[in-house]
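Listing of target.cif, mmCIF, C-alpha atoms and all ligand atoms
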```cif
data_final
#
loop_
_atom_site.label_atom_id
_atom_site.label_comp_id
_atom_site.auth_asym_id
_atom_site.auth_seq_id
_atom_site.Cartn_x
_atom_site.Cartn_y
_atom_site.Cartn_z
CA MET U 27 64.60 -37.58 -11.19
CA LEU U 28 65.17 -33.86 -10.80
CA PRO U 29 67.48 -33.17 -7.88
CA SER U 30 65.11 -30.76 -6.14
CA ASN U 31 66.95 -31.10 -2.86
CA LYS U 32 70.08 -29.47 -4.32
CA THR U 33 71.29 -25.97 -3.47
CA ILE U 34 72.90 -23.89 -6.19
CA GLY U 35 75.28 -21.20 -4.96
CA ILE U 36 75.56 -18.04 -7.03
CA ILE U 37 78.35 -15.53 -6.57
CA GLY U 38 76.58 -12.25 -7.29
CA GLY U 39 72.93 -11.34 -6.88
CA GLY U 40 72.15 -9.13 -9.86
CA GLN U 41 69.52 -9.53 -12.55
CA LEU U 42 71.25 -12.55 -14.10
CA GLY U 43 71.13 -14.32 -10.75
CA LYS U 44 67.50 -13.30 -10.31
CA MET U 45 66.51 -14.78 -13.67
CA LEU U 46 68.53 -17.95 -13.00
CA ILE U 47 66.60 -18.41 -9.75
CA GLU U 48 63.26 -17.67 -11.44
CA ALA U 49 64.02 -20.38 -13.99
CA GLY U 50 64.72 -22.94 -11.25
CA LYS U 51 61.67 -22.22 -9.10
CA PRO U 52 59.35 -24.63 -10.97
CA TRP U 53 61.81 -27.39 -10.06
CA ASN U 54 61.94 -26.38 -6.38
CA ILE U 55 65.69 -25.90 -6.51
CA LYS U 56 67.22 -23.95 -3.60
CA TYR U 57 69.51 -21.00 -4.24
CA ALA U 58 72.07 -19.30 -2.05
CA ILE U 59 73.61 -16.02 -3.16
CA LEU U 60 76.63 -13.99 -2.14
CA GLU U 61 75.97 -10.28 -2.56
CA ASN U 62 76.90 -7.29 -0.47
CA GLU U 63 73.63 -5.41 -0.59
CA ASN U 64 69.97 -5.86 -1.35
CA ALA U 65 70.17 -6.66 -5.01
CA PRO U 66 67.74 -8.01 -7.65
CA ALA U 67 68.12 -11.65 -6.55
CA SER U 68 67.90 -10.99 -2.78
CA ALA U 69 64.14 -11.22 -2.40
CA ILE U 70 63.81 -14.56 -4.17
CA SER U 71 66.95 -16.38 -3.03
CA ASP U 72 66.56 -18.93 -0.24
CA ILE U 73 69.77 -17.92 1.51
CA HIS U 74 71.53 -14.57 1.23
CA ILE U 75 75.10 -14.30 2.45
CA HIS U 76 75.97 -10.63 2.74
CA GLY U 77 79.49 -9.89 1.63
CA GLU U 78 81.87 -8.66 -1.02
CA LEU U 79 82.32 -10.80 -4.14
CA ASN U 80 86.07 -10.67 -3.59
CA ASP U 81 85.95 -11.83 0.01
CA ALA U 82 87.41 -15.37 0.05
CA THR U 83 85.90 -16.17 3.47
CA LYS U 84 82.42 -15.34 2.21
CA ILE U 85 82.95 -17.40 -0.97
CA PHE U 86 84.01 -20.37 1.19
CA GLU U 87 80.90 -19.83 3.34
CA LEU U 88 78.72 -19.93 0.22
CA ALA U 89 80.54 -23.03 -1.08
CA LYS U 90 79.91 -24.87 2.18
CA ILE U 91 76.12 -24.64 1.86
CA SER U 92 76.00 -25.19 -1.92
CA ASP U 93 76.13 -28.43 -3.90
CA VAL U 94 77.49 -26.59 -6.92
CA LEU U 95 78.80 -23.06 -7.42
CA THR U 96 78.35 -20.66 -10.31
CA TYR U 97 78.78 -16.91 -10.77
CA GLU U 98 76.93 -14.20 -12.60
CA ILE U 99 79.72 -11.65 -12.80
CA GLU U 100 83.38 -11.95 -13.82
CA HIS U 101 85.00 -9.63 -11.30
CA ILE U 102 85.26 -12.03 -8.38
CA ASN U 103 88.03 -13.59 -6.28
CA ILE U 104 89.70 -16.09 -8.61
CA SER U 105 92.21 -17.54 -6.13
CA ALA U 106 89.38 -18.49 -3.76
CA LEU U 107 87.72 -20.35 -6.64
CA HIS U 108 90.94 -22.15 -7.57
CA GLU U 109 91.35 -23.23 -3.96
CA LEU U 110 87.80 -24.57 -3.81
CA GLU U 111 88.13 -26.42 -7.08
CA ALA U 112 91.39 -28.00 -5.96
CA ALA U 113 89.55 -29.18 -2.84
CA GLY U 114 86.97 -30.94 -5.02
CA LYS U 115 84.16 -28.37 -5.25
CA THR U 116 82.27 -28.26 -8.55
CA ILE U 117 82.45 -24.75 -9.98
CA ILE U 118 80.75 -24.11 -13.31
CA PRO U 119 82.31 -22.68 -15.44
CA SER U 120 85.76 -23.70 -14.21
CA PRO U 121 87.95 -20.99 -12.62
CA LYS U 122 90.64 -21.74 -15.25
CA ILE U 123 88.29 -20.31 -17.87
CA LEU U 124 87.27 -17.37 -15.72
CA GLU U 125 90.93 -16.49 -15.22
CA ILE U 126 91.42 -16.19 -18.99
CA ILE U 127 88.22 -14.21 -19.44
CA GLN U 128 88.96 -11.79 -16.57
CA ASP U 129 91.93 -10.54 -18.60
CA LYS U 130 91.10 -9.30 -22.11
CA GLY U 131 94.78 -9.71 -23.02
CA LEU U 132 94.87 -13.41 -22.04
CA GLN U 133 91.58 -13.87 -23.88
CA LYS U 134 92.98 -12.44 -27.12
CA LEU U 135 96.11 -14.59 -26.75
CA PHE U 136 93.86 -17.64 -26.26
CA PHE U 137 92.00 -16.85 -29.50
CA LYS U 138 95.26 -16.38 -31.37
CA HIS U 139 96.82 -19.54 -30.00
CA HIS U 140 93.76 -21.61 -30.98
CA ASN U 141 93.31 -20.07 -34.43
CA ILE U 142 89.98 -18.53 -33.50
CA PRO U 143 89.36 -15.59 -35.83
CA THR U 144 89.81 -12.32 -33.95
CA THR U 145 91.04 -8.84 -34.83
CA ASP U 146 94.80 -8.24 -34.81
CA PHE U 147 95.98 -6.74 -31.54
CA GLU U 148 98.91 -5.59 -29.45
CA LEU U 149 99.34 -5.55 -25.68
CA ALA U 150 100.68 -2.40 -24.01
CA GLU U 151 101.77 -2.38 -20.38
CA ASN U 152 101.81 1.40 -19.99
CA PRO U 153 101.52 4.61 -22.07
CA THR U 154 105.20 4.61 -23.07
CA GLU U 155 104.55 1.51 -25.19
CA TRP U 156 101.48 2.87 -26.99
CA ALA U 157 103.13 4.61 -29.95
CA GLU U 158 105.25 1.64 -30.98
CA LYS U 159 102.31 -0.78 -30.64
CA LEU U 160 99.80 1.46 -32.42
CA LEU U 161 102.10 1.73 -35.44
CA LYS U 162 101.98 -2.06 -35.83
CA LEU U 163 98.18 -2.06 -36.25
CA LYS U 164 96.33 -1.48 -39.51
CA GLY U 165 93.60 1.11 -40.04
CA SER U 166 93.03 4.61 -38.69
CA LYS U 167 90.99 3.60 -35.65
CA VAL U 168 91.78 1.34 -32.72
CA ALA U 169 89.73 -0.11 -29.88
CA ALA U 170 91.72 0.39 -26.65
CA LYS U 171 90.58 -1.83 -23.79
CA LEU U 172 91.66 -2.15 -20.19
CA ARG U 173 92.86 -5.72 -19.76
CA LYS U 174 91.08 -6.03 -16.42
CA GLY U 175 88.02 -4.65 -14.68
CA GLY U 176 86.01 -3.22 -17.59
CA TYR U 177 82.34 -4.02 -18.17
CA ASP U 178 79.39 -2.77 -20.28
CA GLY U 179 81.69 -0.66 -22.44
CA LYS U 180 83.41 0.95 -19.42
CA GLY U 181 87.12 0.47 -19.90
CA VAL U 182 86.80 0.61 -23.71
CA GLU U 183 87.76 3.67 -25.77
CA LEU U 184 87.47 3.83 -29.53
CA ILE U 185 90.33 6.09 -30.58
CA THR U 186 91.80 7.60 -33.73
CA LYS U 187 95.38 6.39 -33.96
CA GLN U 188 96.80 9.64 -35.29
CA ASN U 189 95.27 11.71 -32.46
CA VAL U 190 97.10 9.62 -29.90
CA LEU U 191 100.34 9.58 -31.88
CA ASP U 192 100.17 13.38 -32.14
CA ALA U 193 99.36 14.07 -28.51
CA TYR U 194 100.56 11.87 -25.68
CA ASN U 195 97.89 13.27 -23.35
CA GLN U 196 95.19 11.70 -25.56
CA ILE U 197 96.05 8.27 -24.14
CA PRO U 198 92.94 7.31 -22.16
CA PHE U 199 94.38 4.58 -19.91
CA SER U 200 97.57 4.25 -17.87
CA GLU U 201 96.99 0.57 -16.92
CA PRO U 202 97.79 -2.44 -19.17
CA VAL U 203 95.58 -2.52 -22.27
CA VAL U 204 94.74 -4.46 -25.39
CA LEU U 205 94.98 -2.31 -28.53
CA GLU U 206 93.03 -3.90 -31.32
CA GLU U 207 92.15 -3.19 -34.91
CA PHE U 208 88.79 -1.56 -35.34
CA VAL U 209 86.15 -3.32 -37.44
CA GLU U 210 84.47 -0.61 -39.53
CA ASN U 211 80.66 -0.75 -39.75
CA ALA U 212 80.60 -4.01 -37.88
CA VAL U 213 77.40 -5.93 -37.40
CA GLU U 214 77.52 -7.15 -33.82
CA LEU U 215 76.43 -10.73 -33.29
CA ALA U 216 76.23 -12.97 -30.26
CA VAL U 217 75.82 -16.70 -29.99
CA ILE U 218 75.10 -18.33 -26.67
CA VAL U 219 76.67 -21.74 -26.29
CA ALA U 220 75.69 -24.37 -23.76
CA ARG U 221 77.95 -27.31 -22.93
CA ASN U 222 77.42 -29.84 -20.14
CA GLU U 223 79.67 -32.22 -18.22
CA LYS U 224 78.96 -35.03 -20.69
CA GLY U 225 80.36 -32.82 -23.46
CA GLU U 226 76.96 -32.26 -25.12
CA ILE U 227 77.05 -28.89 -26.81
CA CYS U 228 74.45 -26.68 -28.48
CA THR U 229 73.89 -23.05 -29.43
CA PHE U 230 71.01 -20.64 -29.26
CA PRO U 231 70.04 -18.91 -32.51
CA THR U 232 72.34 -16.01 -33.41
CA VAL U 233 71.37 -12.62 -32.05
CA GLU U 234 72.08 -9.29 -33.70
CA MET U 235 72.74 -6.32 -31.44
CA GLU U 236 72.19 -2.66 -31.96
CA PHE U 237 74.34 -0.55 -29.71
CA ASP U 238 73.99 2.89 -28.26
CA PRO U 239 77.13 4.39 -29.84
CA LYS U 240 77.67 6.80 -26.94
CA ALA U 241 77.40 4.40 -24.02
CA ASN U 242 78.61 1.24 -25.83
CA LEU U 243 75.59 -0.53 -24.31
CA VAL U 244 73.20 -2.89 -26.08
CA GLU U 245 70.01 -0.92 -26.68
CA PHE U 246 68.07 -3.35 -28.77
CA LEU U 247 68.70 -6.85 -30.03
CA PHE U 248 66.82 -9.29 -32.18
CA SER U 249 66.84 -12.95 -33.07
CA PRO U 250 67.02 -14.47 -35.59
CA ALA U 251 69.78 -12.14 -36.82
CA GLU U 252 69.05 -10.65 -40.24
CA ILE U 253 71.99 -12.39 -41.88
CA ASP U 254 72.44 -15.06 -44.52
CA SER U 255 71.79 -18.55 -43.15
CA LYS U 256 75.31 -19.66 -44.11
CA ILE U 257 76.81 -16.85 -42.03
CA GLU U 258 74.50 -17.66 -39.14
CA GLU U 259 75.72 -21.26 -39.30
CA LYS U 260 79.33 -20.09 -39.48
CA ALA U 261 78.81 -17.86 -36.42
CA ARG U 262 77.38 -20.81 -34.49
CA GLN U 263 80.28 -23.06 -35.53
CA ILE U 264 82.90 -20.50 -34.48
CA ALA U 265 81.13 -19.97 -31.15
CA MET U 266 81.05 -23.71 -30.46
CA GLU U 267 84.69 -24.03 -31.47
CA CYS U 268 85.63 -21.41 -28.85
CA ILE U 269 83.87 -23.27 -26.06
CA PHE U 270 85.08 -26.65 -27.24
CA LYS U 271 88.67 -25.41 -27.27
CA MET U 272 88.23 -23.97 -23.78
CA GLN U 273 86.67 -27.28 -22.70
CA GLY U 274 84.04 -25.03 -21.18
CA ILE U 275 81.12 -26.33 -19.15
CA GLY U 276 78.28 -23.89 -18.58
CA ILE U 277 76.62 -21.12 -20.53
CA PHE U 278 78.84 -18.82 -22.59
CA ALA U 279 77.99 -15.79 -24.69
CA VAL U 280 80.36 -15.42 -27.63
CA GLU U 281 80.30 -11.86 -28.98
CA MET U 282 81.39 -11.39 -32.56
CA PHE U 283 81.82 -8.75 -35.25
CA LEU U 284 80.73 -9.37 -38.84
CA ASP U 285 82.43 -7.07 -41.34
CA LYS U 286 81.20 -5.98 -44.77
CA ASP U 287 83.08 -8.86 -46.45
CA ASN U 288 81.32 -11.36 -44.20
CA ASN U 289 84.38 -12.06 -42.09
CA ILE U 290 83.61 -12.99 -38.51
CA PHE U 291 85.89 -11.90 -35.65
CA VAL U 292 85.37 -13.10 -32.09
CA ASN U 293 85.35 -10.10 -29.76
CA GLU U 294 84.96 -11.64 -26.34
CA ILE U 295 83.33 -14.40 -24.32
CA ALA U 296 81.19 -14.07 -21.19
CA PRO U 297 81.20 -17.24 -19.03
CA ARG U 298 77.62 -16.80 -17.83
CA PRO U 299 74.10 -15.96 -19.01
CA HIS U 300 74.21 -12.75 -20.98
CA ASN U 301 72.21 -9.67 -21.86
CA SER U 302 72.03 -10.99 -25.43
CA GLY U 303 70.06 -14.01 -24.19
CA HIS U 304 67.34 -12.40 -22.05
CA HIS U 305 64.77 -12.90 -24.83
CA THR U 306 65.29 -16.69 -24.65
CA ILE U 307 63.01 -16.76 -21.56
CA GLU U 308 59.96 -16.29 -23.76
CA ALA U 309 61.33 -16.77 -27.27
CA CYS U 310 63.02 -20.20 -27.03
CA TYR U 311 61.83 -23.61 -25.89
CA THR U 312 64.58 -23.59 -23.28
CA SER U 313 65.93 -20.29 -21.93
CA GLN U 314 69.61 -19.61 -21.28
CA TYR U 315 68.75 -19.61 -17.57
CA GLU U 316 66.97 -22.97 -17.59
CA GLN U 317 69.85 -24.34 -19.66
CA LEU U 318 72.36 -23.27 -17.02
CA ASN U 319 70.22 -24.84 -14.29
CA ARG U 320 70.15 -28.07 -16.30
CA ILE U 321 73.94 -27.98 -16.62
CA LEU U 322 74.45 -27.20 -12.92
CA LEU U 323 72.18 -30.09 -11.97
CA GLY U 324 73.64 -32.61 -14.41
CA MET U 325 70.48 -32.76 -16.51
CA PRO U 326 70.34 -33.09 -20.32
CA LEU U 327 70.45 -29.92 -22.44
CA GLY U 328 67.09 -28.54 -23.60
CA ASN U 329 66.04 -27.61 -27.12
CA THR U 330 67.10 -24.05 -27.95
CA ASP U 331 65.01 -23.37 -31.07
CA LEU U 332 63.19 -20.08 -31.33
CA ILE U 333 59.44 -20.40 -30.88
CA LYS U 334 58.93 -17.04 -32.60
CA PRO U 335 61.03 -14.17 -33.95
CA SER U 336 61.87 -11.89 -31.03
CA ALA U 337 63.53 -8.73 -29.85
CA MET U 338 64.69 -7.37 -26.52
CA ILE U 339 64.96 -3.78 -25.34
CA ASN U 340 67.07 -2.93 -22.34
CA LEU U 341 65.23 -0.69 -19.94
CA LEU U 342 68.00 1.72 -19.02
CA GLY U 343 68.07 4.58 -16.51
CA PHE U 344 67.13 7.90 -18.11
CA GLU U 345 69.47 10.87 -18.25
CA GLY U 346 69.01 13.32 -15.38
CA ILE U 347 67.12 10.88 -13.15
CA ASN U 348 68.97 9.61 -10.11
CA GLY U 349 67.91 7.61 -7.06
CA ALA U 350 64.22 6.86 -6.48
CA TYR U 351 62.27 6.51 -9.73
CA GLU U 352 59.18 5.18 -11.41
CA ILE U 353 59.04 3.62 -14.86
CA THR U 354 56.10 5.04 -16.77
CA GLY U 355 54.11 3.89 -19.80
CA LEU U 356 54.08 0.22 -18.80
CA GLU U 357 50.29 0.08 -18.80
CA GLN U 358 50.14 1.10 -22.47
CA ILE U 359 53.01 -1.25 -23.31
CA LEU U 360 51.14 -4.16 -21.73
CA ASN U 361 48.36 -3.63 -24.30
CA ILE U 362 50.71 -4.76 -27.06
CA LYS U 363 50.47 -8.45 -27.99
CA GLY U 364 53.52 -10.57 -27.26
CA VAL U 365 55.28 -8.17 -24.90
CA TYR U 366 56.91 -9.31 -21.63
CA ILE U 367 58.20 -6.88 -19.02
CA HIS U 368 61.01 -7.81 -16.63
CA LEU U 369 61.90 -5.42 -13.82
CA TYR U 370 65.06 -6.01 -11.81
CA ASN U 371 63.84 -4.63 -8.51
CA LYS U 372 66.60 -2.03 -8.24
CA THR U 373 65.69 0.69 -5.75
CA GLU U 374 67.85 3.38 -7.34
CA THR U 375 68.42 4.44 -10.90
CA LYS U 376 71.18 6.32 -12.67
CA PHE U 377 71.83 7.19 -16.29
CA LYS U 378 72.07 4.01 -18.43
CA ARG U 379 71.83 1.65 -15.46
CA LYS U 380 70.14 -1.61 -16.46
CA MET U 381 66.77 -1.44 -14.67
CA GLY U 382 64.88 -4.10 -16.60
CA HIS U 383 64.16 -5.34 -20.08
CA ILE U 384 61.26 -5.95 -22.40
CA THR U 385 60.97 -8.97 -24.67
CA ILE U 386 58.85 -8.74 -27.80
CA LEU U 387 57.59 -11.69 -29.80
CA GLY U 388 56.22 -11.13 -33.29
CA GLU U 389 55.29 -12.78 -36.56
CA ASN U 390 58.32 -11.37 -38.39
CA MET U 391 60.89 -8.58 -38.07
CA ASP U 392 58.58 -5.93 -39.57
CA ASP U 393 55.95 -6.72 -36.97
CA ILE U 394 58.60 -6.61 -34.24
CA ARG U 395 60.06 -3.28 -35.38
CA LEU U 396 56.57 -1.72 -35.26
CA LYS U 397 56.13 -2.97 -31.70
CA VAL U 398 59.57 -1.69 -30.69
CA THR U 399 58.69 1.78 -32.04
CA GLU U 400 55.38 1.69 -30.16
CA ILE U 401 57.12 0.67 -26.91
CA ARG U 402 59.72 3.44 -27.26
CA LYS U 403 56.89 5.96 -27.67
CA HIS U 404 55.34 5.04 -24.33
CA LEU U 405 58.37 4.15 -22.23
CA GLY U 406 59.38 6.83 -19.73
CA MET U 407 60.89 7.38 -16.32
CA LYS U 408 59.90 9.73 -13.53
CA GLN U 409 62.00 11.02 -10.63
CA LEU U 410 60.40 10.28 -7.27
P1 LIG I 501 82.73 -4.73 -22.84
O1 LIG I 501 83.44 -5.97 -22.38
O2 LIG I 501 82.83 -3.62 -21.87
O3 LIG I 501 81.33 -5.01 -23.29
P2 LIG I 501 83.61 -4.76 -25.63
O4 LIG I 501 84.93 -5.33 -25.92
O5 LIG I 501 82.43 -5.61 -25.96
O6 LIG I 501 83.55 -4.25 -24.12
O7 LIG I 501 83.48 -3.39 -26.42
C1 LIG I 501 82.32 -2.58 -26.28
C2 LIG I 501 81.83 -2.13 -27.65
O8 LIG I 501 82.85 -1.36 -28.31
C3 LIG I 501 81.54 -3.28 -28.63
O9 LIG I 501 80.29 -3.84 -28.42
C4 LIG I 501 81.65 -2.53 -29.95
O10 LIG I 501 80.50 -1.74 -30.19
C5 LIG I 501 82.83 -1.62 -29.70
N1 LIG I 501 84.08 -2.30 -30.11
C6 LIG I 501 84.94 -2.94 -29.31
N2 LIG I 501 85.98 -3.45 -29.98
C7 LIG I 501 85.80 -3.14 -31.28
C8 LIG I 501 86.53 -3.39 -32.49
N3 LIG I 501 87.69 -4.05 -32.50
N4 LIG I 501 86.00 -2.92 -33.64
C9 LIG I 501 84.83 -2.25 -33.65
N5 LIG I 501 84.12 -1.96 -32.56
C10 LIG I 501 84.57 -2.41 -31.37
#
```
So, in terms of structure tokens, how does the structure I just supplied come out?
Ligand code: ADP
Amino acid sequence: MLPSNKTIGIIGGGQLGKMLIEAGKPWNIKYAILENENAPASAISDIHIHGELNDATKIFELAKISDVLTYEIEHINISALHELEAAGKTIIPSPKILEIIQDKGLQKLFFKHHNIPTTDFELAENPTEWAEKLLKLKGSKVAAKLRKGGYDGKGVELITKQNVLDAYNQIPFSEPVVLEEFVENAVELAVIVARNEKGEICTFPTVEMEFDPKANLVEFLFSPAEIDSKIEEKARQIAMECIFKMQGIGIFAVEMFLDKDNNIFVNEIAPRPHNSGHHTIEACYTSQYEQLNRILLGMPLGNTDLIKPSAMINLLGFEGINGAYEITGLEQILNIKGVYIHLYNKTETKFKRKMGHITILGENMDDIRLKVTEIRKHLGMKQL
């Protein structure tokens, strides 16, 4: 029987939390969220605890009223989670995993230690160490990443090694960083992995991402990825290996780079539903959100096959529009077959803020690309 009397506690109340709750509504599951303001998940959660995600007291308060705890954002109070887990609370994924993922340096060391393919890297504590470390890396470009606190491309700078070696003031970060070899012309792939308490594991079909090069944000993604089926299988195997080696329980997005010689490098892992899995709501038999609900409730994993080829466009805040806004063109977009609009209920916009997304189902990738072009033509934003 479905445990409809259970309460799931979510640390964070953003769009990922909102979609997790939406996926659990047909099963009458109760949700409690911890979030400091009125956020996307506020209106549909059953209980809203107002507070900071780093406030241990508030996390304990949420834990008290929840049968199981999860989180939809990485930057939360890890010691509070450790304390709760030690006291017997079920937290999915485990805080031990979150602790590794919160620090890009520890994450890279984990990959290296477990022979997971990843780009070569060096750790630098402060700018005085940069020159020596940069010289150890191959290639002319390097991805410099803050070890802690970055998200959505913030905290990542793609730099030319020589520029930094020539001019000390070109160093973009003073805090501890990971310096890693740059994968030229990388195809960016993501595989979402689901693993439950029984150790059952499965993946969602590989997704290919197209990034906005300026903002480092996903602009458009599609699934199945347009790659050879052997590479797709390899990507899925590597992704599962990561989660197996972490002994992870939950939903994990494994982001990877594919280079021109078909080498795969794991970039990073998100221990939660991910932007690269939004399309699974309509495109797969079981969405990433339903899958997480199943895992949180101790239910069997659902089938993750694609029902149809699909794409997803992030609906991002337009340049020059701040605060109150209106998204325009949605009426025309709704005339297109196989298009699903998701709005995150955010009252204020700013440039590149994630305001919603659109999923597109089609017969094949050509059909989908035509629809994407049509959507882009109509999509607009107005300042109110
Ligand atoms: P975030 O955690 O903020 O999403 P990422 O590590 O995913 O940061 O980096 C953001 C983007 O920067 C990637 O999606 C990719 O486009 C680019 N990037 C990061 N590292 C590399 C690398 N080693 N080689 C090539 N591109 C990279």
Inset, instruction - Would you mind listing the residues within 8 Å of ligand LIG 501 (chain I), counting only C-alpha atoms and all ligand atoms, as a PyMOL selection string? - result: chain U and resi 145+168-171+176-184+206-212+214+237+239+242-244+281+283+293-294
Inset, instruction - Would you mind telling me which residue in U:His140, U:His76, U:Arg221, U:Arg173 lies nearest to Gly328 in chain U when using all atoms listed in the file? - result: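 With all atoms listed in the file as the atom set, the closest residue is U:Arg221.
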Legend entry - Residue among U:Gly276, U:Gly343, U:Gly324, U:Gly114 lying closest to Cys228 in chain U, counting all atoms listed in the file: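 Among U:Gly276, U:Gly343, U:Gly324, U:Gly114, it is U:Gly276 that comes nearest to Cys228 in chain U.
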Legend entry - Selection: 7 Å around range 94-97 of chain U, all atoms listed in the file, excl. self and same-chain fewer than 4 positions, as JSON, numbers by chain: {"U": [34, 35, 36, 37, 38, 89, 116, 117, 118, 119, 322]}
Dig up all the protein and nucleic acid residues within 9 Å of (79.8, -21.4, -25.0) in the file frame, using all atoms listed in the file, and format them as a PDB file with C-alpha atoms, in the frame of the given file.
```
ATOM      1  CA  VAL U 217      75.820 -16.700 -29.990  1.00  0.00           C
ATOM      2  CA  ILE U 218      75.100 -18.330 -26.670  1.00  0.00           C
ATOM      3  CA  VAL U 219      76.670 -21.740 -26.290  1.00  0.00           C
ATOM      4  CA  ALA U 220      75.690 -24.370 -23.760  1.00  0.00           C
ATOM      5  CA  ARG U 221      77.950 -27.310 -22.930  1.00  0.00           C
ATOM      6  CA  ILE U 227      77.050 -28.890 -26.810  1.00  0.00           C
ATOM      7  CA  CYS U 228      74.450 -26.680 -28.480  1.00  0.00           C
ATOM      8  CA  THR U 229      73.890 -23.050 -29.430  1.00  0.00           C
ATOM      9  CA  ALA U 265      81.130 -19.970 -31.150  1.00  0.00           C
ATOM     10  CA  MET U 266      81.050 -23.710 -30.460  1.00  0.00           C
ATOM     11  CA  GLU U 267      84.690 -24.030 -31.470  1.00  0.00           C
ATOM     12  CA  CYS U 268      85.630 -21.410 -28.850  1.00  0.00           C
ATOM     13  CA  ILE U 269      83.870 -23.270 -26.060  1.00  0.00           C
ATOM     14  CA  PHE U 270      85.080 -26.650 -27.240  1.00  0.00           C
ATOM     15  CA  MET U 272      88.230 -23.970 -23.780  1.00  0.00           C
ATOM     16  CA  GLY U 274      84.040 -25.030 -21.180  1.00  0.00           C
ATOM     17  CA  ILE U 275      81.120 -26.330 -19.150  1.00  0.00           C
ATOM     18  CA  GLY U 276      78.280 -23.890 -18.580  1.00  0.00           C
ATOM     19  CA  ILE U 277      76.620 -21.120 -20.530  1.00  0.00           C
ATOM     20  CA  PHE U 278      78.840 -18.820 -22.590  1.00  0.00           C
ATOM     21  CA  ALA U 279      77.990 -15.790 -24.690  1.00  0.00           C
ATOM     22  CA  VAL U 280      80.360 -15.420 -27.630  1.00  0.00           C
ATOM     23  CA  ILE U 295      83.330 -14.400 -24.320  1.00  0.00           C
ATOM     24  CA  ALA U 296      81.190 -14.070 -21.190  1.00  0.00           C
ATOM     25  CA  PRO U 297      81.200 -17.240 -19.030  1.00  0.00           C
ATOM     26  CA  ARG U 298      77.620 -16.800 -17.830  1.00  0.00           C
TER      27      ARG U 298
END
```
Legend entry - Top pick for closest residue to Pro231 in chain U, considering U:Phe248, U:Phe291, U:Tyr57, U:Phe199 and counting only C-alpha atoms: U:Phe248
Legend entry - Pairwise distance for CA of Val398 in chain U and CA of Pro299 in chain U, rounded to one decimal in Å: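 CA of Pro299 in chain U lies at a distance of 23.5 Å from CA of Val398 in chain U.
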Legend entry - Between CA of Asn195 in chain U and CA of Asn152 in chain U - distance in Å to one decimal: 12.9 Å
Inset, instruction - Point out the residue among U:Ser255, U:Ala261, U:Gln314, U:Pro326 with the least atom-to-atom distance to Gly50 in chain U, counting all atoms listed in the file. - result: U:Gln314
Legend entry - Length of the CA of Ile367 in chain U to CA of Ile384 in chain U vector [Å]: 4.7 Å
Inset, instruction - May I have the residues within 12 Å of Glu78 in chain U as a ChimeraX atom specification, using all atoms listed in the file and disregarding those fewer than 5 positions away in the same chain? - result: /U:37-39,59-63,83-85,88,101-103
Inset, instruction - Could you check which of U:Thr306, U:Asn289, U:Gln188, U:Thr375 is closest to Ile347 in chain U, using only C-alpha atoms? - result: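 Answer, going by the shortest atom-to-atom distance: U:Thr375.
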Legend entry - Top pick for closest residue to Val365 in chain U, considering U:Ala106, U:Ile339, U:Ala65, U:Leu191 and counting all atoms listed in the file: U:Ile339
